[in-house]
file final-v2.pdb (PDB, C-alpha atoms, pLDDT in the B column)
ATOM      1  CA  MET M   1       0.000   0.000   0.000  1.00 56.00           C
ATOM      2  CA  SER M   2       1.389   3.373  -0.965  1.00 75.00           C
ATOM      3  CA  TYR M   3       0.460   6.612   0.744  1.00 85.00           C
ATOM      4  CA  ARG M   4       1.868  10.040   1.409  1.00 90.00           C
ATOM      5  CA  LYS M   5       3.341  10.729   4.816  1.00 93.00           C
ATOM      6  CA  LEU M   6       2.689  14.489   4.644  1.00 91.00           C
ATOM      7  CA  GLY M   7       5.593  15.273   6.969  1.00 91.00           C
ATOM      8  CA  ARG M   8       3.710  14.018  10.025  1.00 93.00           C
ATOM      9  CA  ARG M   9       4.100  11.157  12.427  1.00 96.00           C
ATOM     10  CA  THR M  10       1.603   8.329  12.098  1.00 96.00           C
ATOM     11  CA  LYS M  11      -0.871   9.321  14.817  1.00 97.00           C
ATOM     12  CA  HIS M  12      -0.874  12.973  13.804  1.00 97.00           C
ATOM     13  CA  ARG M  13      -1.290  12.100  10.111  1.00 96.00           C
ATOM     14  CA  ARG M  14      -4.194   9.716  10.732  1.00 96.00           C
ATOM     15  CA  SER M  15      -5.938  12.200  12.995  1.00 97.00           C
ATOM     16  CA  MET M  16      -5.417  15.039  10.515  1.00 96.00           C
ATOM     17  CA  LEU M  17      -6.819  12.971   7.626  1.00 97.00           C
ATOM     18  CA  ARG M  18      -9.822  11.925   9.711  1.00 97.00           C
ATOM     19  CA  ASN M  19     -10.478  15.593  10.544  1.00 97.00           C
ATOM     20  CA  LEU M  20     -10.081  16.695   6.922  1.00 97.00           C
ATOM     21  CA  THR M  21     -12.342  13.913   5.620  1.00 97.00           C
ATOM     22  CA  THR M  22     -15.020  14.683   8.200  1.00 97.00           C
ATOM     23  CA  SER M  23     -14.908  18.394   7.336  1.00 97.00           C
ATOM     24  CA  PHE M  24     -14.958  17.682   3.601  1.00 97.00           C
ATOM     25  CA  LEU M  25     -18.018  15.440   3.814  1.00 97.00           C
ATOM     26  CA  ARG M  26     -19.765  18.000   6.045  1.00 96.00           C
ATOM     27  CA  GLU M  27     -19.145  20.920   3.663  1.00 95.00           C
ATOM     28  CA  GLY M  28     -18.891  19.175   0.287  1.00 95.00           C
ATOM     29  CA  ARG M  29     -15.932  21.355  -0.700  1.00 96.00           C
ATOM     30  CA  MET M  30     -12.570  22.286   0.775  1.00 97.00           C
ATOM     31  CA  GLU M  31      -9.430  24.195  -0.122  1.00 97.00           C
ATOM     32  CA  THR M  32      -6.130  22.715   1.002  1.00 96.00           C
ATOM     33  CA  THR M  33      -2.757  21.726  -0.383  1.00 96.00           C
ATOM     34  CA  GLU M  34      -2.696  19.456  -3.424  1.00 96.00           C
ATOM     35  CA  THR M  35      -1.109  16.489  -1.642  1.00 96.00           C
ATOM     36  CA  ARG M  36      -3.577  16.632   1.253  1.00 96.00           C
ATOM     37  CA  ALA M  37      -6.442  16.906  -1.219  1.00 97.00           C
ATOM     38  CA  LYS M  38      -5.265  13.752  -2.994  1.00 96.00           C
ATOM     39  CA  GLU M  39      -5.153  11.807   0.258  1.00 97.00           C
ATOM     40  CA  VAL M  40      -8.550  13.081   1.420  1.00 97.00           C
ATOM     41  CA  GLN M  41      -9.959  12.190  -2.001  1.00 97.00           C
ATOM     42  CA  ARG M  42      -8.846   8.565  -1.598  1.00 96.00           C
ATOM     43  CA  ILE M  43     -10.458   8.259   1.821  1.00 97.00           C
ATOM     44  CA  SER M  44     -13.674  10.152   1.048  1.00 97.00           C
ATOM     45  CA  GLU M  45     -14.335   8.056  -2.063  1.00 97.00           C
ATOM     46  CA  LYS M  46     -14.117   4.958   0.119  1.00 97.00           C
ATOM     47  CA  MET M  47     -16.530   6.535   2.604  1.00 97.00           C
ATOM     48  CA  ILE M  48     -19.025   7.337  -0.178  1.00 97.00           C
ATOM     49  CA  THR M  49     -18.770   3.739  -1.380  1.00 97.00           C
ATOM     50  CA  LEU M  50     -19.624   2.619   2.162  1.00 97.00           C
ATOM     51  CA  GLY M  51     -22.580   4.987   2.074  1.00 96.00           C
ATOM     52  CA  LYS M  52     -23.758   3.449  -1.191  1.00 96.00           C
ATOM     53  CA  ARG M  53     -23.734   0.002   0.427  1.00 95.00           C
ATOM     54  CA  GLY M  54     -26.010   1.397   3.097  1.00 94.00           C
ATOM     55  CA  ASP M  55     -26.119  -1.569   5.477  1.00 96.00           C
ATOM     56  CA  LEU M  56     -25.488  -1.493   9.218  1.00 97.00           C
ATOM     57  CA  HIS M  57     -21.936  -2.816   8.957  1.00 98.00           C
ATOM     58  CA  ALA M  58     -21.007  -0.089   6.453  1.00 97.00           C
ATOM     59  CA  ARG M  59     -22.509   2.554   8.745  1.00 97.00           C
ATOM     60  CA  ARG M  60     -20.478   1.256  11.679  1.00 97.00           C
ATOM     61  CA  GLN M  61     -17.318   1.247   9.575  1.00 97.00           C
ATOM     62  CA  ALA M  62     -17.938   4.881   8.625  1.00 97.00           C
ATOM     63  CA  LEU M  63     -18.665   5.770  12.264  1.00 97.00           C
ATOM     64  CA  SER M  64     -15.359   4.208  13.313  1.00 97.00           C
ATOM     65  CA  TYR M  65     -13.463   6.534  10.952  1.00 97.00           C
ATOM     66  CA  LEU M  66     -15.402   9.809  10.846  1.00 96.00           C
ATOM     67  CA  PHE M  67     -15.540  11.945  13.979  1.00 92.00           C
ATOM     68  CA  ASP M  68     -19.082  13.330  13.670  1.00 94.00           C
ATOM     69  CA  GLU M  69     -22.194  11.168  13.777  1.00 96.00           C
ATOM     70  CA  ASP M  70     -24.190  13.850  11.916  1.00 97.00           C
ATOM     71  CA  VAL M  71     -21.716  13.649   9.020  1.00 97.00           C
ATOM     72  CA  VAL M  72     -22.243   9.876   8.821  1.00 97.00           C
ATOM     73  CA  THR M  73     -25.996  10.413   8.699  1.00 97.00           C
ATOM     74  CA  LYS M  74     -25.556  13.030   5.967  1.00 97.00           C
ATOM     75  CA  LEU M  75     -23.266  10.640   4.076  1.00 97.00           C
ATOM     76  CA  PHE M  76     -25.794   7.807   4.102  1.00 97.00           C
ATOM     77  CA  VAL M  77     -28.952   9.909   3.591  1.00 97.00           C
ATOM     78  CA  GLU M  78     -27.900  12.762   1.265  1.00 96.00           C
ATOM     79  CA  ILE M  79     -24.507  12.210  -0.357  1.00 96.00           C
ATOM     80  CA  ALA M  80     -24.420   8.495  -1.230  1.00 95.00           C
ATOM     81  CA  PRO M  81     -27.875   8.320  -2.910  1.00 95.00           C
ATOM     82  CA  LYS M  82     -26.775  11.025  -5.385  1.00 95.00           C
ATOM     83  CA  PHE M  83     -24.051   8.678  -6.637  1.00 95.00           C
ATOM     84  CA  LYS M  84     -26.030   5.414  -6.757  1.00 93.00           C
ATOM     85  CA  ASP M  85     -25.579   5.058 -10.549  1.00 94.00           C
ATOM     86  CA  ARG M  86     -21.943   6.171 -10.580  1.00 94.00           C
ATOM     87  CA  GLN M  87     -19.042   3.712 -10.374  1.00 94.00           C
ATOM     88  CA  GLY M  88     -16.461   5.847  -8.571  1.00 93.00           C
ATOM     89  CA  GLY M  89     -15.132   9.288  -9.344  1.00 95.00           C
ATOM     90  CA  TYR M  90     -17.325  11.083  -6.806  1.00 96.00           C
ATOM     91  CA  THR M  91     -14.871  13.933  -6.225  1.00 97.00           C
ATOM     92  CA  ARG M  92     -12.693  16.241  -8.288  1.00 97.00           C
ATOM     93  CA  ILE M  93      -9.524  18.170  -7.576  1.00 98.00           C
ATOM     94  CA  ILE M  94      -9.092  21.575  -9.176  1.00 98.00           C
ATOM     95  CA  LYS M  95      -5.598  23.035  -8.868  1.00 97.00           C
ATOM     96  CA  THR M  96      -5.691  26.729  -8.005  1.00 96.00           C
ATOM     97  CA  ASP M  97      -2.516  28.651  -7.159  1.00 95.00           C
ATOM     98  CA  VAL M  98       0.405  28.604  -4.754  1.00 96.00           C
ATOM     99  CA  ARG M  99       0.285  29.523  -1.107  1.00 93.00           C
ATOM    100  CA  ARG M 100       2.019  32.810  -0.444  1.00 93.00           C
ATOM    101  CA  GLY M 101       4.019  31.817   2.622  1.00 93.00           C
ATOM    102  CA  ASP M 102       5.721  28.634   1.446  1.00 94.00           C
ATOM    103  CA  SER M 103       4.748  28.304  -2.235  1.00 95.00           C
ATOM    104  CA  ALA M 104       2.823  25.084  -1.588  1.00 95.00           C
ATOM    105  CA  LEU M 105       0.476  24.121  -4.415  1.00 97.00           C
ATOM    106  CA  LYS M 106      -3.139  24.693  -3.407  1.00 97.00           C
ATOM    107  CA  ALA M 107      -6.171  22.868  -4.730  1.00 98.00           C
ATOM    108  CA  VAL M 108      -9.937  22.716  -4.265  1.00 98.00           C
ATOM    109  CA  LEU M 109     -11.505  19.335  -3.555  1.00 97.00           C
ATOM    110  CA  GLU M 110     -15.224  19.117  -4.239  1.00 97.00           C
ATOM    111  CA  LEU M 111     -17.990  16.623  -4.788  1.00 96.00           C
ATOM    112  CA  VAL M 112     -19.053  16.074  -8.395  1.00 94.00           C
ATOM    113  CA  ASP M 113     -22.660  17.124  -9.034  1.00 84.00           C
TER     114      ASP M 113
END

call {"tool": "encode", "arguments": {"input": "final-v2.pdb", "output": "structure tokens"}}
result
Amino acid sequence: MSYRKLGRRTKHRRSMLRNLTTSFLREGRMETTETRAKEVQRISEKMITLGKRGDLHARRQALSYLFDEDVVTKLFVEIAPKFKDRQGGYTRIIKTDVRRGDSALKAVLELVD
């Protein structure tokens, strides 16, 4: 399995990605660095696939990863049914500009309509 370490230790990285994924699914759109957006995209697509399954085990798996129970409910009730006929590719990354302080590449991650 290949993943980006994002310059963080394991616990910090996992917690950060859980926070970012929870926030992304709550808002439906986020602006962050390109590498973080790519990692959040991987995880959020898996969460949407769990939402499409819709059974109790999938809900519990999503609850074990996402921090907010309301986001899990939104995922299973609002987000996943929109993508029932789509086989992946639920999100898109749009590259924007560079961050002024450290010239990191920024990108917008959003759900496909």

call {"tool": "residues_near_point", "arguments": {"input": "final-v2.pdb", "point": "(-2.8, 26.3, -4.7)", "cutoff": "12 Å", "atoms": "only C-alpha atoms", "output": "PDB file with C-alpha atoms, in the frame of the given file"}}
result
ATOM      1  CA  MET M  30     -12.570  22.286   0.775  1.00 97.00           C
ATOM      2  CA  GLU M  31      -9.430  24.195  -0.122  1.00 97.00           C
ATOM      3  CA  THR M  32      -6.130  22.715   1.002  1.00 96.00           C
ATOM      4  CA  THR M  33      -2.757  21.726  -0.383  1.00 96.00           C
ATOM      5  CA  GLU M  34      -2.696  19.456  -3.424  1.00 96.00           C
ATOM      6  CA  THR M  35      -1.109  16.489  -1.642  1.00 96.00           C
ATOM      7  CA  ARG M  36      -3.577  16.632   1.253  1.00 96.00           C
ATOM      8  CA  ALA M  37      -6.442  16.906  -1.219  1.00 97.00           C
ATOM      9  CA  ILE M  93      -9.524  18.170  -7.576  1.00 98.00           C
ATOM     10  CA  ILE M  94      -9.092  21.575  -9.176  1.00 98.00           C
ATOM     11  CA  LYS M  95      -5.598  23.035  -8.868  1.00 97.00           C
ATOM     12  CA  THR M  96      -5.691  26.729  -8.005  1.00 96.00           C
ATOM     13  CA  ASP M  97      -2.516  28.651  -7.159  1.00 95.00           C
ATOM     14  CA  VAL M  98       0.405  28.604  -4.754  1.00 96.00           C
ATOM     15  CA  ARG M  99       0.285  29.523  -1.107  1.00 93.00           C
ATOM     16  CA  ARG M 100       2.019  32.810  -0.444  1.00 93.00           C
ATOM     17  CA  GLY M 101       4.019  31.817   2.622  1.00 93.00           C
ATOM     18  CA  ASP M 102       5.721  28.634   1.446  1.00 94.00           C
ATOM     19  CA  SER M 103       4.748  28.304  -2.235  1.00 95.00           C
ATOM     20  CA  ALA M 104       2.823  25.084  -1.588  1.00 95.00           C
ATOM     21  CA  LEU M 105       0.476  24.121  -4.415  1.00 97.00           C
ATOM     22  CA  LYS M 106      -3.139  24.693  -3.407  1.00 97.00           C
ATOM     23  CA  ALA M 107      -6.171  22.868  -4.730  1.00 98.00           C
ATOM     24  CA  VAL M 108      -9.937  22.716  -4.265  1.00 98.00           C
ATOM     25  CA  LEU M 109     -11.505  19.335  -3.555  1.00 97.00           C
TER      26      LEU M 109
END

call {"tool": "atom_distance", "arguments": {"input": "final-v2.pdb", "atom1": "atom CA of Leu17 of chain M", "atom2": "atom CA of Glu39 of chain M"}}
result
7.6 Å

call {"tool": "closest_residue", "arguments": {"input": "final-v2.pdb", "among": "M:Val40, M:Arg86, M:Gly28, M:Thr22", "to": "Leu6 of chain M", "atoms": "all atoms listed in the file"}}
result
M:Val40

call {"tool": "closest_residue", "arguments": {"input": "final-v2.pdb", "among": "M:Ala80, M:Gly7, M:Arg18, M:Arg42", "to": "Leu63 of chain M", "atoms": "all atoms listed in the file"}}
result
M:Arg18

call {"tool": "axis_aligned_box", "arguments": {"input": "final-v2.pdb", "around": "segment 43-62 of chain M", "padding_each_side": "3 Å", "output": "AutoDock Vina command-line options"}}
result
--center_x -18.3 --center_y 3.7 --center_z 4.8 --size_x 21.7 --size_y 19.0 --size_z 19.7

call {"tool": "atom_distance", "arguments": {"input": "final-v2.pdb", "atom1": "atom CA of Arg92 of chain M", "atom2": "atom CA of Val112 of chain M"}}
result
6.4 Å

call {"tool": "closest_residue", "arguments": {"input": "final-v2.pdb", "among": "M:Asp113, M:Tyr3, M:Glu45, M:Leu20", "to": "Gln87 of chain M", "atoms": "all atoms listed in the file"}}
result
M:Glu45

call {"tool": "closest_residue", "arguments": {"input": "final-v2.pdb", "among": "M:Asn19, M:Thr10, M:Ser44, M:Ser2", "to": "Ile79 of chain M", "atoms": "only C-alpha atoms"}}
result
M:Ser44

call {"tool": "closest_residue", "arguments": {"input": "final-v2.pdb", "among": "M:Phe24, M:Ile43, M:Leu111, M:Gly89", "to": "Tyr65 of chain M", "atoms": "all atoms listed in the file"}}
result
M:Ile43

call {"tool": "atom_distance", "arguments": {"input": "final-v2.pdb", "atom1": "atom CA of Leu75 of chain M", "atom2": "atom CA of Gly51 of chain M"}}
result
6.0 Å

call {"tool": "resolve_selection", "arguments": {"input": "final-v2.pdb", "expression": "the PyMOL selection byres ((chain M and resi 52) around 7)", "output": "MDAnalysis selection string"}}
result
chainID M and resid 48:51 53:54 80:81 84

call {"tool": "closest_residue", "arguments": {"input": "final-v2.pdb", "among": "M:Arg59, M:Glu110, M:Glu27, M:Arg14", "to": "Thr73 of chain M", "atoms": "all atoms listed in the file"}}
result
M:Arg59
